[in-house]
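Asks: So that we are looking at the same thing, I have put the structure below in structure tokens.
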Amino acid sequence: MSSTSTKPPAGTRDFLPDEVRRREHVIRIVRQVYERYGFEPLETPAFENIETLLGKYGEEGNRLIFKILKRGEHETSGEADLALRYDLTVPLARVVAQYQNELPRFWKRYQIQPVWRADRPARGRFREFYQCDIDAIGSTSPAVEADVIGAVCDVLGQLGFEGFSLRLNHRLVLSGLLDAAGVPPPQHSEALVALDKLDKISAGGVRAEFVTRGIDGAAAERCLASFEVGQAERPDDTLRRLRSALGEQDAAVGNLQSIVTLAAHTAAAGRIRIDPSLARGLSYYTGAIMEIAVPDLAGSLGGGGRYDNLVGMFLGRDVPACGFSLGLERIIVVMTERGMFPAKVGGAAVDVMVTMWNEDSRAEGLALAAELRRDGLRVDLYPEADKLGKQLKYAAGRSTPFVAILGDDERAKGMVSIKDMRSGDQHTVARGEAAEHIRSRRQ
RNA sequence: GUGGGCGUAGUUCAGUGGCAGAACGCCUGACUGUGGCUCAGGAGGUCGCGGGUUCGAUACCCGUCGCCCACCCCA
């Protein structure tokens, strides 16, 4: 007996059939919507050269990259030359730089693949998880943000989500407000960590955070005044206040205004909430930043933003880009808890199971199964000549809706008995009519 | 990385310093051609792991590992 643990490593999961069906249901809808918006599929390797990833995500991100040691005789050095991909955005930037001459001037791609982070697992947080990314390359137009936001909201709507909102902010609004409040640039990141908690611990809590982080009291008050937003506040009202704080001609506020105005004509209509306290940790964002949160979950369902100089880090020449990432498992966590999956997703593996009467009936059982499959049914053949009751119990345990009983009596007459396991009804029909009999009662 | 909770049958969980329990599930039979309902019987446990206290530890103490929750961060 082996003493090796049979559990998968912490933060990873095995997906049993029911779970795979749920995942594929979500992925199918995500892909369908993304393609409807003109995004094209891309896949990249699970691992990258380590220099590709280092220095792109900020200090925390660097720390969470899964590194791969050099192989062979170099292994003892402890040096890493490869790393598992941390997100899908940086590999995309590498691809854009590598194939610049083969890709269209404006390129929209989607990518649904696993990523890995050396993080501590928690509810809705894994060390291996799937991201569903869309990114639009090549344009600085706010129409790109509106398009991306619209696609993401469309996906959630198609999946059955209601009442979610999209928090929107801008990197330059963030720094502008901190400057205006008198927070010196070296303290910006400290202040942002505190402000990011505004929706969780209220103004009083943030005020205390500021004190412990050594930020000037007067500056802290000015921050709170400009960052706090009423729950139901409309984007236009928030933008008006931002203009009064940063100036009527502020470019970042104007950009947000354009995005809001344009997105009103997409599936994101009515979903956008301007939130000046939204920060986001990834360091490559340069413009608009956004995030989708739901009350059920501590973290977000997804996040994204504009990153106009990430491609330039590979290419030496900046290429504008904007994208969004949905977290597959977080969507599934919420959908499972709210019972949002259609009943058919958790349904039976097969439409009909053919029983095995005795050793003499095996060949005919296989032949019957083949006939039914030719008619498009999903068919299982019970593999052993157990008692009929045991075979029926097995079928019932798997929620199989029909059982085809091929006993000696039926075989002698070229018939088969079809039992509907849901109603208990049973009819003996000619072999050739079995498939149609089942199909017409299948629903 | 920080704080808290929980680890007992396949599953969900009781339990007590002195023989290891229930429900559900599973297996067998009543029912040699029929699942669900009923009844009778049965299998299944290193009480997470290691150490300590004790005549005796599943229980109390320490450590460790795992899982869950909150924080941090994020998808």
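By convention here, the chains of the structure tokens are called A, B, ... in the order presented, each chain's residues are numbered starting at 1, and ligands are numbered starting at 1 in the order presented.
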List as a list of chain:residue names the protein and nucleic acid residues near A:Arg442, meaning an atom at most 9 Å away when only C-alpha atoms (C1' of nucleotides) are counted, but skip any in the same chain fewer than 5 places from it.
Replies: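 In the requested form, the answer reads A:Asp351, A:Pro401, A:Phe402, A:His437.
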Asks: Per residue of chain A within 10 Å of chain B, record the nearest atom pair and its distance in Å to one decimal, counting only C-alpha atoms (C1' of nucleotides), with rows in chain order and ascending residue number, as a Markdown table.
Replies:
```
| residue | atom | partner | partner_atom | distance |
| --- | --- | --- | --- | --- |
| A:Lys7 | CA | B:G66 | C1' | 9.9 |
| A:Ala10 | CA | B:G66 | C1' | 9.2 |
| A:Glu60 | CA | B:C73 | C1' | 7.9 |
| A:Gly61 | CA | B:C73 | C1' | 9.3 |
| A:Asp87 | CA | B:A75 | C1' | 9.2 |
| A:Val115 | CA | B:A75 | C1' | 9.5 |
| A:Arg117 | CA | B:C74 | C1' | 9.7 |
| A:Asp119 | CA | B:C73 | C1' | 8.8 |
| A:Arg120 | CA | B:G1 | C1' | 9.2 |
| A:Ala122 | CA | B:C68 | C1' | 8.8 |
| A:Arg123 | CA | B:C68 | C1' | 8.6 |
| A:Gly124 | CA | B:A75 | C1' | 8.8 |
| A:Arg125 | CA | B:A75 | C1' | 7.8 |
| A:Phe126 | CA | B:A75 | C1' | 9.2 |
| A:Phe129 | CA | B:A75 | C1' | 7.8 |
| A:Tyr130 | CA | B:A75 | C1' | 7.8 |
| A:Gln131 | CA | B:A75 | C1' | 6.4 |
| A:Cys132 | CA | B:A75 | C1' | 8.9 |
| A:Val193 | CA | B:C72 | C1' | 9.9 |
| A:Arg280 | CA | B:C74 | C1' | 8.6 |
| A:Gly281 | CA | B:C74 | C1' | 7.8 |
| A:Leu282 | CA | B:C74 | C1' | 9.1 |
| A:Gly299 | CA | B:C74 | C1' | 7.1 |
| A:Ser300 | CA | B:A75 | C1' | 7.0 |
| A:Leu301 | CA | B:A75 | C1' | 6.4 |
| A:Gly302 | CA | B:A75 | C1' | 5.5 |
| A:Gly303 | CA | B:A75 | C1' | 7.4 |
| A:Ser325 | CA | B:A75 | C1' | 7.0 |
| A:Leu326 | CA | B:A75 | C1' | 6.1 |
| A:Gly327 | CA | B:A75 | C1' | 4.0 |
| A:Leu328 | CA | B:A75 | C1' | 7.4 |
| A:Glu329 | CA | B:A75 | C1' | 8.0 |
| A:Arg330 | CA | B:A75 | C1' | 7.1 |
| A:Ile331 | CA | B:A75 | C1' | 9.4 |
| A:Trp357 | CA | B:G33 | C1' | 9.5 |
| A:Lys387 | CA | B:G33 | C1' | 9.0 |
| A:Leu388 | CA | B:U34 | C1' | 6.3 |
| A:Gly389 | CA | B:U34 | C1' | 5.6 |
| A:Lys390 | CA | B:G35 | C1' | 7.7 |
| A:Gln391 | CA | B:G35 | C1' | 8.1 |
| A:Leu392 | CA | B:G35 | C1' | 4.8 |
| A:Lys393 | CA | B:G35 | C1' | 4.3 |
| A:Tyr394 | CA | B:G35 | C1' | 7.7 |
| A:Ala395 | CA | B:G35 | C1' | 7.6 |
| A:Ala396 | CA | B:G35 | C1' | 5.8 |
| A:Gly397 | CA | B:G35 | C1' | 8.4 |
| A:Ile405 | CA | B:G33 | C1' | 9.3 |
| A:Gly407 | CA | B:G33 | C1' | 7.6 |
| A:Asp408 | CA | B:G33 | C1' | 9.3 |
| A:Asp409 | CA | B:G33 | C1' | 9.3 |
| A:Lys419 | CA | B:U34 | C1' | 9.1 |
| A:Met421 | CA | B:G35 | C1' | 7.7 |
| A:Arg422 | CA | B:G36 | C1' | 9.6 |
| A:Gly424 | CA | B:G35 | C1' | 9.1 |
| A:Gln426 | CA | B:U34 | C1' | 9.9 |
```
Asks: Report as a short mmCIF file (atom, residue, chain, number, x, y, z; two decimals) with N, CA and C atoms, in the first residue's frame: the residues of stretch 51-278 of chain A with a DSSP assignment of helix (DSSP H, G or I), based on the backbone of this structure.
Replies:
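Written output follows (result.cif):
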```
data_model
loop_
_atom_site.label_atom_id
_atom_site.label_comp_id
_atom_site.auth_asym_id
_atom_site.auth_seq_id
_atom_site.Cartn_x
_atom_site.Cartn_y
_atom_site.Cartn_z
N GLU A 51 12.58 35.68 -18.26
CA GLU A 51 12.74 37.12 -18.46
C GLU A 51 11.51 37.75 -19.09
N THR A 52 10.73 36.93 -19.81
CA THR A 52 9.50 37.44 -20.42
C THR A 52 8.53 37.92 -19.34
N LEU A 53 8.52 37.21 -18.22
CA LEU A 53 7.53 37.50 -17.19
C LEU A 53 8.04 38.45 -16.11
N GLU A 59 5.94 44.22 -7.78
CA GLU A 59 6.71 43.47 -6.79
C GLU A 59 5.98 42.21 -6.33
N GLU A 60 4.68 42.38 -5.99
CA GLU A 60 3.89 41.24 -5.51
C GLU A 60 3.77 40.17 -6.59
N GLY A 61 3.54 40.63 -7.82
CA GLY A 61 3.39 39.70 -8.93
C GLY A 61 4.67 38.90 -9.16
N ASN A 62 5.78 39.56 -9.15
CA ASN A 62 7.08 38.88 -9.32
C ASN A 62 7.23 37.72 -8.33
N ARG A 63 6.81 37.99 -7.09
CA ARG A 63 6.97 37.01 -6.02
C ARG A 63 6.10 35.78 -6.26
N GLY A 72 18.76 19.03 -15.76
CA GLY A 72 20.04 18.36 -15.96
C GLY A 72 21.08 18.79 -14.95
N GLU A 73 22.30 18.92 -15.43
CA GLU A 73 23.41 19.20 -14.51
C GLU A 73 23.32 20.59 -13.90
N HIS A 74 22.50 21.46 -14.51
CA HIS A 74 22.38 22.81 -13.98
C HIS A 74 21.37 22.89 -12.83
N GLU A 75 20.63 21.76 -12.58
CA GLU A 75 19.53 21.78 -11.63
C GLU A 75 20.00 22.17 -10.24
N THR A 76 21.20 21.71 -9.86
CA THR A 76 21.68 21.95 -8.50
C THR A 76 21.96 23.43 -8.24
N SER A 77 22.07 24.23 -9.29
CA SER A 77 22.36 25.63 -9.10
C SER A 77 21.16 26.37 -8.51
N THR A 89 -1.98 38.14 -20.47
CA THR A 89 -1.75 39.43 -21.10
C THR A 89 -0.30 39.60 -21.54
N VAL A 90 0.63 39.23 -20.68
CA VAL A 90 2.04 39.37 -21.03
C VAL A 90 2.44 38.44 -22.18
N PRO A 91 1.99 37.16 -22.16
CA PRO A 91 2.25 36.33 -23.34
C PRO A 91 1.67 36.94 -24.62
N LEU A 92 0.51 37.57 -24.50
CA LEU A 92 -0.08 38.22 -25.67
C LEU A 92 0.83 39.34 -26.17
N ALA A 93 1.34 40.14 -25.25
CA ALA A 93 2.22 41.24 -25.64
C ALA A 93 3.46 40.70 -26.36
N ARG A 94 3.97 39.56 -25.86
CA ARG A 94 5.12 38.94 -26.54
C ARG A 94 4.74 38.50 -27.95
N VAL A 95 3.57 37.89 -28.09
CA VAL A 95 3.10 37.42 -29.40
C VAL A 95 2.94 38.60 -30.36
N VAL A 96 2.38 39.70 -29.86
CA VAL A 96 2.17 40.86 -30.71
C VAL A 96 3.52 41.40 -31.21
N ALA A 97 4.50 41.39 -30.33
CA ALA A 97 5.82 41.88 -30.73
C ALA A 97 6.48 40.93 -31.72
N GLN A 98 6.29 39.62 -31.51
CA GLN A 98 6.95 38.61 -32.34
C GLN A 98 6.36 38.56 -33.75
N PRO A 142 -11.29 55.34 -27.17
CA PRO A 142 -12.16 54.89 -26.07
C PRO A 142 -13.24 53.93 -26.55
N ALA A 143 -13.45 53.87 -27.87
CA ALA A 143 -14.40 52.88 -28.40
C ALA A 143 -13.93 51.47 -28.08
N VAL A 144 -12.61 51.30 -27.96
CA VAL A 144 -12.05 49.99 -27.61
C VAL A 144 -12.49 49.59 -26.20
N GLU A 145 -12.35 50.52 -25.26
CA GLU A 145 -12.77 50.23 -23.89
C GLU A 145 -14.26 49.89 -23.86
N ALA A 146 -15.05 50.68 -24.58
CA ALA A 146 -16.50 50.45 -24.58
C ALA A 146 -16.83 49.08 -25.16
N ASP A 147 -16.12 48.69 -26.21
CA ASP A 147 -16.32 47.40 -26.85
C ASP A 147 -15.98 46.26 -25.89
N VAL A 148 -14.85 46.39 -25.23
CA VAL A 148 -14.38 45.35 -24.30
C VAL A 148 -15.34 45.23 -23.12
N ILE A 149 -15.71 46.35 -22.55
CA ILE A 149 -16.64 46.35 -21.43
C ILE A 149 -17.98 45.73 -21.85
N GLY A 150 -18.42 46.10 -23.04
CA GLY A 150 -19.68 45.57 -23.54
C GLY A 150 -19.64 44.06 -23.69
N ALA A 151 -18.54 43.54 -24.23
CA ALA A 151 -18.40 42.10 -24.43
C ALA A 151 -18.45 41.35 -23.11
N VAL A 152 -17.75 41.88 -22.12
CA VAL A 152 -17.68 41.22 -20.83
C VAL A 152 -19.05 41.22 -20.15
N CYS A 153 -19.73 42.34 -20.20
CA CYS A 153 -21.07 42.40 -19.60
C CYS A 153 -22.04 41.49 -20.35
N ASP A 154 -21.86 41.38 -21.65
CA ASP A 154 -22.68 40.50 -22.47
C ASP A 154 -22.51 39.05 -22.02
N VAL A 155 -21.25 38.65 -21.79
CA VAL A 155 -20.96 37.29 -21.32
C VAL A 155 -21.71 37.02 -20.02
N LEU A 156 -21.57 37.91 -19.06
CA LEU A 156 -22.20 37.68 -17.76
C LEU A 156 -23.72 37.65 -17.90
N GLY A 157 -24.24 38.50 -18.75
CA GLY A 157 -25.68 38.49 -18.98
C GLY A 157 -26.14 37.16 -19.56
N GLN A 158 -25.39 36.65 -20.55
CA GLN A 158 -25.73 35.37 -21.18
C GLN A 158 -25.66 34.22 -20.18
N LEU A 159 -24.77 34.34 -19.20
CA LEU A 159 -24.62 33.29 -18.20
C LEU A 159 -25.73 33.37 -17.15
N ARG A 171 -5.88 55.28 -14.25
CA ARG A 171 -4.62 55.41 -13.51
C ARG A 171 -4.23 56.87 -13.27
N LEU A 172 -4.48 57.72 -14.26
CA LEU A 172 -4.07 59.11 -14.12
C LEU A 172 -5.03 59.92 -13.25
N VAL A 173 -6.28 59.48 -13.17
CA VAL A 173 -7.21 60.10 -12.22
C VAL A 173 -6.72 59.82 -10.81
N LEU A 174 -6.32 58.58 -10.63
CA LEU A 174 -5.82 58.13 -9.33
C LEU A 174 -4.65 59.01 -8.87
N SER A 175 -3.64 59.11 -9.72
CA SER A 175 -2.47 59.87 -9.31
C SER A 175 -2.77 61.37 -9.24
N GLY A 176 -3.68 61.82 -10.11
CA GLY A 176 -4.06 63.23 -10.09
C GLY A 176 -4.74 63.61 -8.80
N LEU A 177 -5.62 62.75 -8.34
CA LEU A 177 -6.33 63.04 -7.09
C LEU A 177 -5.38 63.04 -5.91
N LEU A 178 -4.43 62.10 -5.92
CA LEU A 178 -3.48 62.05 -4.81
C LEU A 178 -2.59 63.29 -4.82
N ASP A 179 -2.16 63.71 -6.00
CA ASP A 179 -1.37 64.94 -6.11
C ASP A 179 -2.17 66.13 -5.58
N ALA A 180 -3.42 66.22 -6.03
CA ALA A 180 -4.26 67.35 -5.64
C ALA A 180 -4.51 67.36 -4.14
N ALA A 181 -4.55 66.17 -3.53
CA ALA A 181 -4.79 66.10 -2.09
C ALA A 181 -3.52 66.38 -1.30
N PRO A 185 4.26 61.90 -4.21
CA PRO A 185 4.33 60.72 -5.07
C PRO A 185 4.93 59.48 -4.40
N PRO A 186 5.98 59.58 -3.61
CA PRO A 186 6.52 58.35 -3.00
C PRO A 186 5.50 57.63 -2.10
N GLN A 187 4.48 58.37 -1.63
CA GLN A 187 3.49 57.75 -0.75
C GLN A 187 2.23 57.31 -1.49
N HIS A 188 2.24 57.49 -2.81
CA HIS A 188 1.05 57.15 -3.59
C HIS A 188 0.61 55.71 -3.39
N SER A 189 1.56 54.78 -3.48
CA SER A 189 1.17 53.37 -3.41
C SER A 189 0.63 53.03 -2.02
N GLU A 190 1.22 53.61 -0.97
CA GLU A 190 0.71 53.39 0.38
C GLU A 190 -0.73 53.88 0.50
N ALA A 191 -0.96 55.06 -0.02
CA ALA A 191 -2.29 55.65 0.07
C ALA A 191 -3.30 54.81 -0.72
N LEU A 192 -2.86 54.27 -1.86
CA LEU A 192 -3.78 53.48 -2.68
C LEU A 192 -4.22 52.20 -2.00
N VAL A 193 -3.28 51.56 -1.29
CA VAL A 193 -3.63 50.34 -0.57
C VAL A 193 -4.75 50.64 0.42
N ALA A 194 -4.65 51.78 1.10
CA ALA A 194 -5.68 52.15 2.08
C ALA A 194 -6.99 52.50 1.37
N LEU A 195 -6.88 53.28 0.31
CA LEU A 195 -8.10 53.73 -0.37
C LEU A 195 -8.83 52.58 -1.05
N LEU A 198 -11.81 51.19 0.69
CA LEU A 198 -12.88 52.12 1.03
C LEU A 198 -14.24 51.45 1.05
N ASP A 199 -14.50 50.57 0.07
CA ASP A 199 -15.82 49.95 0.01
C ASP A 199 -15.99 48.86 1.05
N LYS A 200 -14.91 48.48 1.72
CA LYS A 200 -15.01 47.39 2.69
C LYS A 200 -15.04 47.89 4.13
N ILE A 201 -14.21 48.90 4.45
CA ILE A 201 -14.05 49.27 5.86
C ILE A 201 -14.52 50.69 6.14
N SER A 202 -15.14 51.34 5.18
CA SER A 202 -15.73 52.67 5.35
C SER A 202 -14.66 53.75 5.61
N ALA A 203 -15.12 54.98 5.58
CA ALA A 203 -14.19 56.11 5.67
C ALA A 203 -13.39 56.12 6.98
N GLY A 204 -14.06 55.77 8.07
CA GLY A 204 -13.36 55.78 9.35
C GLY A 204 -12.19 54.81 9.36
N GLY A 205 -12.41 53.62 8.80
CA GLY A 205 -11.35 52.63 8.75
C GLY A 205 -10.19 53.10 7.89
N VAL A 206 -10.52 53.72 6.77
CA VAL A 206 -9.47 54.20 5.88
C VAL A 206 -8.67 55.32 6.55
N ARG A 207 -9.37 56.17 7.30
CA ARG A 207 -8.71 57.27 8.02
C ARG A 207 -7.65 56.68 8.96
N ALA A 208 -8.03 55.59 9.67
CA ALA A 208 -7.09 54.93 10.58
C ALA A 208 -5.92 54.33 9.81
N GLU A 209 -6.21 53.76 8.64
CA GLU A 209 -5.15 53.19 7.81
C GLU A 209 -4.13 54.25 7.42
N PHE A 210 -4.65 55.42 7.07
CA PHE A 210 -3.76 56.50 6.68
C PHE A 210 -2.79 56.85 7.79
N VAL A 211 -3.34 56.92 9.02
CA VAL A 211 -2.50 57.27 10.16
C VAL A 211 -1.38 56.25 10.32
N THR A 212 -1.74 54.94 10.29
CA THR A 212 -0.72 53.92 10.51
C THR A 212 0.29 53.89 9.38
N GLY A 217 -2.32 64.01 7.88
CA GLY A 217 -3.74 64.01 8.22
C GLY A 217 -4.58 64.87 7.31
N ALA A 218 -4.11 66.07 7.01
CA ALA A 218 -4.89 66.97 6.16
C ALA A 218 -5.03 66.39 4.75
N ALA A 219 -3.93 65.82 4.24
CA ALA A 219 -3.97 65.20 2.92
C ALA A 219 -4.94 64.02 2.92
N ALA A 220 -4.95 63.27 4.02
CA ALA A 220 -5.85 62.12 4.12
C ALA A 220 -7.30 62.55 4.02
N GLU A 221 -7.65 63.64 4.72
CA GLU A 221 -9.03 64.13 4.68
C GLU A 221 -9.42 64.56 3.27
N ARG A 222 -8.48 65.25 2.61
CA ARG A 222 -8.78 65.68 1.24
C ARG A 222 -8.97 64.48 0.32
N CYS A 223 -8.17 63.41 0.55
CA CYS A 223 -8.32 62.19 -0.22
C CYS A 223 -9.72 61.61 -0.06
N LEU A 224 -10.11 61.45 1.20
CA LEU A 224 -11.40 60.84 1.48
C LEU A 224 -12.52 61.62 0.82
N ALA A 225 -12.41 62.96 0.90
CA ALA A 225 -13.46 63.80 0.33
C ALA A 225 -13.60 63.56 -1.17
N SER A 226 -12.47 63.42 -1.86
CA SER A 226 -12.57 63.30 -3.31
C SER A 226 -12.76 61.86 -3.78
N PHE A 227 -12.42 60.88 -2.92
CA PHE A 227 -12.52 59.50 -3.36
C PHE A 227 -13.85 58.86 -3.01
N PRO A 235 -22.65 57.80 -12.94
CA PRO A 235 -21.32 58.11 -13.48
C PRO A 235 -21.16 59.60 -13.80
N ASP A 236 -22.19 60.23 -14.38
CA ASP A 236 -22.05 61.64 -14.75
C ASP A 236 -21.83 62.53 -13.54
N ASP A 237 -22.47 62.19 -12.42
CA ASP A 237 -22.27 62.98 -11.20
C ASP A 237 -20.85 62.83 -10.68
N THR A 238 -20.34 61.58 -10.71
CA THR A 238 -18.97 61.35 -10.25
C THR A 238 -17.98 62.08 -11.14
N LEU A 239 -18.21 62.04 -12.43
CA LEU A 239 -17.31 62.70 -13.37
C LEU A 239 -17.30 64.21 -13.13
N ARG A 240 -18.47 64.76 -12.81
CA ARG A 240 -18.55 66.20 -12.54
C ARG A 240 -17.67 66.55 -11.32
N ARG A 241 -17.75 65.73 -10.32
CA ARG A 241 -16.94 66.00 -9.12
C ARG A 241 -15.45 65.84 -9.42
N LEU A 242 -15.12 64.86 -10.28
CA LEU A 242 -13.71 64.67 -10.63
C LEU A 242 -13.19 65.88 -11.39
N ARG A 243 -14.04 66.43 -12.26
CA ARG A 243 -13.60 67.61 -13.01
C ARG A 243 -13.37 68.79 -12.09
N SER A 244 -14.20 68.92 -11.08
CA SER A 244 -14.02 70.05 -10.17
C SER A 244 -12.75 69.86 -9.33
N ALA A 245 -12.34 68.61 -9.13
CA ALA A 245 -11.11 68.36 -8.36
C ALA A 245 -9.87 68.47 -9.23
N LEU A 246 -9.96 68.03 -10.49
CA LEU A 246 -8.76 67.93 -11.33
C LEU A 246 -8.71 68.96 -12.45
N ALA A 251 -7.46 65.36 -19.03
CA ALA A 251 -7.56 64.39 -20.13
C ALA A 251 -8.10 63.05 -19.65
N ALA A 252 -7.67 62.61 -18.48
CA ALA A 252 -8.10 61.31 -17.99
C ALA A 252 -9.60 61.30 -17.70
N VAL A 253 -10.08 62.37 -17.09
CA VAL A 253 -11.52 62.45 -16.81
C VAL A 253 -12.29 62.49 -18.13
N GLY A 254 -11.75 63.23 -19.10
CA GLY A 254 -12.39 63.27 -20.42
C GLY A 254 -12.45 61.90 -21.05
N ASN A 255 -11.38 61.13 -20.88
CA ASN A 255 -11.34 59.77 -21.41
C ASN A 255 -12.42 58.90 -20.77
N LEU A 256 -12.54 59.00 -19.45
CA LEU A 256 -13.58 58.23 -18.75
C LEU A 256 -14.96 58.64 -19.24
N GLN A 257 -15.14 59.96 -19.43
CA GLN A 257 -16.43 60.45 -19.92
C GLN A 257 -16.77 59.83 -21.27
N SER A 258 -15.78 59.76 -22.16
CA SER A 258 -16.00 59.16 -23.48
C SER A 258 -16.39 57.69 -23.37
N ILE A 259 -15.67 56.99 -22.52
CA ILE A 259 -15.95 55.55 -22.35
C ILE A 259 -17.37 55.35 -21.85
N VAL A 260 -17.76 56.12 -20.85
CA VAL A 260 -19.10 55.98 -20.28
C VAL A 260 -20.16 56.28 -21.34
N THR A 261 -19.93 57.36 -22.08
CA THR A 261 -20.91 57.76 -23.10
C THR A 261 -21.05 56.68 -24.17
N LEU A 262 -19.90 56.14 -24.61
CA LEU A 262 -19.94 55.12 -25.67
C LEU A 262 -20.51 53.80 -25.16
N ALA A 263 -20.14 53.43 -23.94
CA ALA A 263 -20.57 52.13 -23.40
C ALA A 263 -22.07 52.10 -23.15
#
```
Asks: Taking 2 positions as the minimum chain separation for residues in the same chain, which residues sit within 12 Å of B:A40 when counting only C-alpha atoms (C1' of nucleotides)? Answer as a list in words.
Replies: U28, G29, A30, U38 and G42 of chain B
Asks: Just write the chosen residues, N, CA, C and O atoms (P, O5', C5', C4', C3', O3' and C1' of nucleotides), as an mmCIF file, in the first residue's frame.
Replies:
```
data_model
loop_
_atom_site.group_PDB
_atom_site.id
_atom_site.type_symbol
_atom_site.label_atom_id
_atom_site.label_comp_id
_atom_site.auth_asym_id
_atom_site.auth_seq_id
_atom_site.Cartn_x
_atom_site.Cartn_y
_atom_site.Cartn_z
ATOM 1 P P U B 28 -24.983 -7.410 -4.218
ATOM 2 O "O5'" U B 28 -25.470 -8.352 -3.037
ATOM 3 C "C5'" U B 28 -24.679 -9.449 -2.620
ATOM 4 C "C4'" U B 28 -25.356 -10.192 -1.505
ATOM 5 C "C3'" U B 28 -26.822 -10.556 -1.734
ATOM 6 O "O3'" U B 28 -26.971 -11.698 -2.562
ATOM 7 C "C1'" U B 28 -26.571 -9.673 0.438
ATOM 8 P P G B 29 -28.260 -11.805 -3.488
ATOM 9 O "O5'" G B 29 -29.449 -12.068 -2.450
ATOM 10 C "C5'" G B 29 -29.528 -13.310 -1.761
ATOM 11 C "C4'" G B 29 -30.511 -13.234 -0.626
ATOM 12 C "C3'" G B 29 -31.967 -12.989 -0.996
ATOM 13 O "O3'" G B 29 -32.599 -14.154 -1.496
ATOM 14 C "C1'" G B 29 -31.396 -11.669 0.879
ATOM 15 P P A B 30 -33.846 -14.047 -2.424
ATOM 16 O "O5'" A B 30 -35.004 -13.561 -1.437
ATOM 17 C "C5'" A B 30 -35.434 -14.398 -0.374
ATOM 18 C "C4'" A B 30 -36.526 -13.714 0.416
ATOM 19 C "C3'" A B 30 -37.716 -13.226 -0.411
ATOM 20 O "O3'" A B 30 -38.631 -14.272 -0.649
ATOM 21 C "C1'" A B 30 -37.019 -11.531 1.090
ATOM 22 P P U B 38 -38.687 3.137 2.636
ATOM 23 O "O5'" U B 38 -39.321 1.750 3.102
ATOM 24 C "C5'" U B 38 -40.612 1.716 3.695
ATOM 25 C "C4'" U B 38 -41.033 0.288 3.929
ATOM 26 C "C3'" U B 38 -40.065 -0.535 4.759
ATOM 27 O "O3'" U B 38 -40.214 -0.292 6.149
ATOM 28 C "C1'" U B 38 -40.782 -1.789 2.872
ATOM 29 P P G B 42 -25.742 -8.599 11.219
ATOM 30 O "O5'" G B 42 -24.787 -8.421 9.953
ATOM 31 C "C5'" G B 42 -24.172 -9.548 9.358
ATOM 32 C "C4'" G B 42 -23.467 -9.163 8.090
ATOM 33 C "C3'" G B 42 -22.370 -8.111 8.235
ATOM 34 O "O3'" G B 42 -21.150 -8.665 8.694
ATOM 35 C "C1'" G B 42 -23.736 -7.587 6.349
#
```
Asks: For atom C1' of B:U64 and atom CA of A:Phe66, quote the distance in Å rounded to one decimal.
Replies: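 Atom C1' of B:U64 sits 25.5 Å away from atom CA of A:Phe66.
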Asks: So that I can check the surroundings of A:Leu166, please list as a list in words every protein, DNA and RNA residue that reaches within 10 Å of it, counting only C-alpha atoms (C1' of nucleotides) and ignoring chain neighbours fewer than 4 positions away.
Replies: Ile149, Val152, Cys153, Ala268, Gly270, Arg271, Ile272, Arg273, Ile274, Asp275, Met290, Glu291, Ile292, Ala293, Val294, Gly302 and Gly303 of chain A
Asks: For the residues selected in the previous step, produce a file with C-alpha atoms as a PDB file, in the first residue's frame.
Replies:
```pdb
ATOM      1  CA  ILE A 149     -16.643  46.348 -21.430  1.00  0.00           C
ATOM      2  CA  VAL A 152     -17.681  41.216 -20.826  1.00  0.00           C
ATOM      3  CA  CYS A 153     -21.069  42.403 -19.596  1.00  0.00           C
ATOM      4  CA  ALA A 268     -22.746  47.491 -20.364  1.00  0.00           C
ATOM      5  CA  GLY A 270     -26.417  51.068 -16.850  1.00  0.00           C
ATOM      6  CA  ARG A 271     -23.739  48.815 -15.346  1.00  0.00           C
ATOM      7  CA  ILE A 272     -20.863  51.274 -15.043  1.00  0.00           C
ATOM      8  CA  ARG A 273     -19.950  52.914 -11.774  1.00  0.00           C
ATOM      9  CA  ILE A 274     -17.042  55.345 -11.706  1.00  0.00           C
ATOM     10  CA  ASP A 275     -15.045  54.452  -8.627  1.00  0.00           C
ATOM     11  CA  MET A 290     -11.894  48.251 -14.538  1.00  0.00           C
ATOM     12  CA  GLU A 291     -13.175  45.435 -12.413  1.00  0.00           C
ATOM     13  CA  ILE A 292     -16.360  43.420 -11.918  1.00  0.00           C
ATOM     14  CA  ALA A 293     -17.322  42.530  -8.393  1.00  0.00           C
ATOM     15  CA  VAL A 294     -20.293  40.688  -6.923  1.00  0.00           C
ATOM     16  CA  GLY A 302     -12.688  39.802 -13.492  1.00  0.00           C
ATOM     17  CA  GLY A 303     -10.618  42.852 -14.175  1.00  0.00           C
TER      18      GLY A 303
END
```
Asks: Tell me which of B:G25, B:G56, B:G41, B:G48 sits closest to B:G7, counting only C-alpha atoms (C1' of nucleotides).
Replies: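 Smallest separation from B:G7 among the options: B:G48.
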Asks: Identify, on the basis of only C-alpha atoms (C1' of nucleotides), every residue whose closest approach to B:C61 does not exceed 12 Å; exclude the query and any residue fewer than 6 positions from it along the same chain; express the result as a list in words.
Replies: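 With the cut-off at 12 Å, the set is G51, G52, U53 and U54 of chain B.
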Asks: Can you work out the spacing between atom C1' of B:C65 and atom CA of A:Pro8 in Å, to one decimal?
Replies: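 The value is 14.6 Å.
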Asks: What is the atom CA of A:Thr286-atom CA of A:His170 distance in Å, reported with one decimal?
Replies: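 Taking atom CA of A:Thr286 as the start and atom CA of A:His170 as the end point, the length is 8.0 Å.
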Asks: Find the residues near A:Asp318: any atom within 7 Å, counting only C-alpha atoms (C1' of nucleotides), skip ones fewer than 6 places away on the same chain, and give them as an MDAnalysis selection string.
Replies: chainID A and resid 308:309 311:312
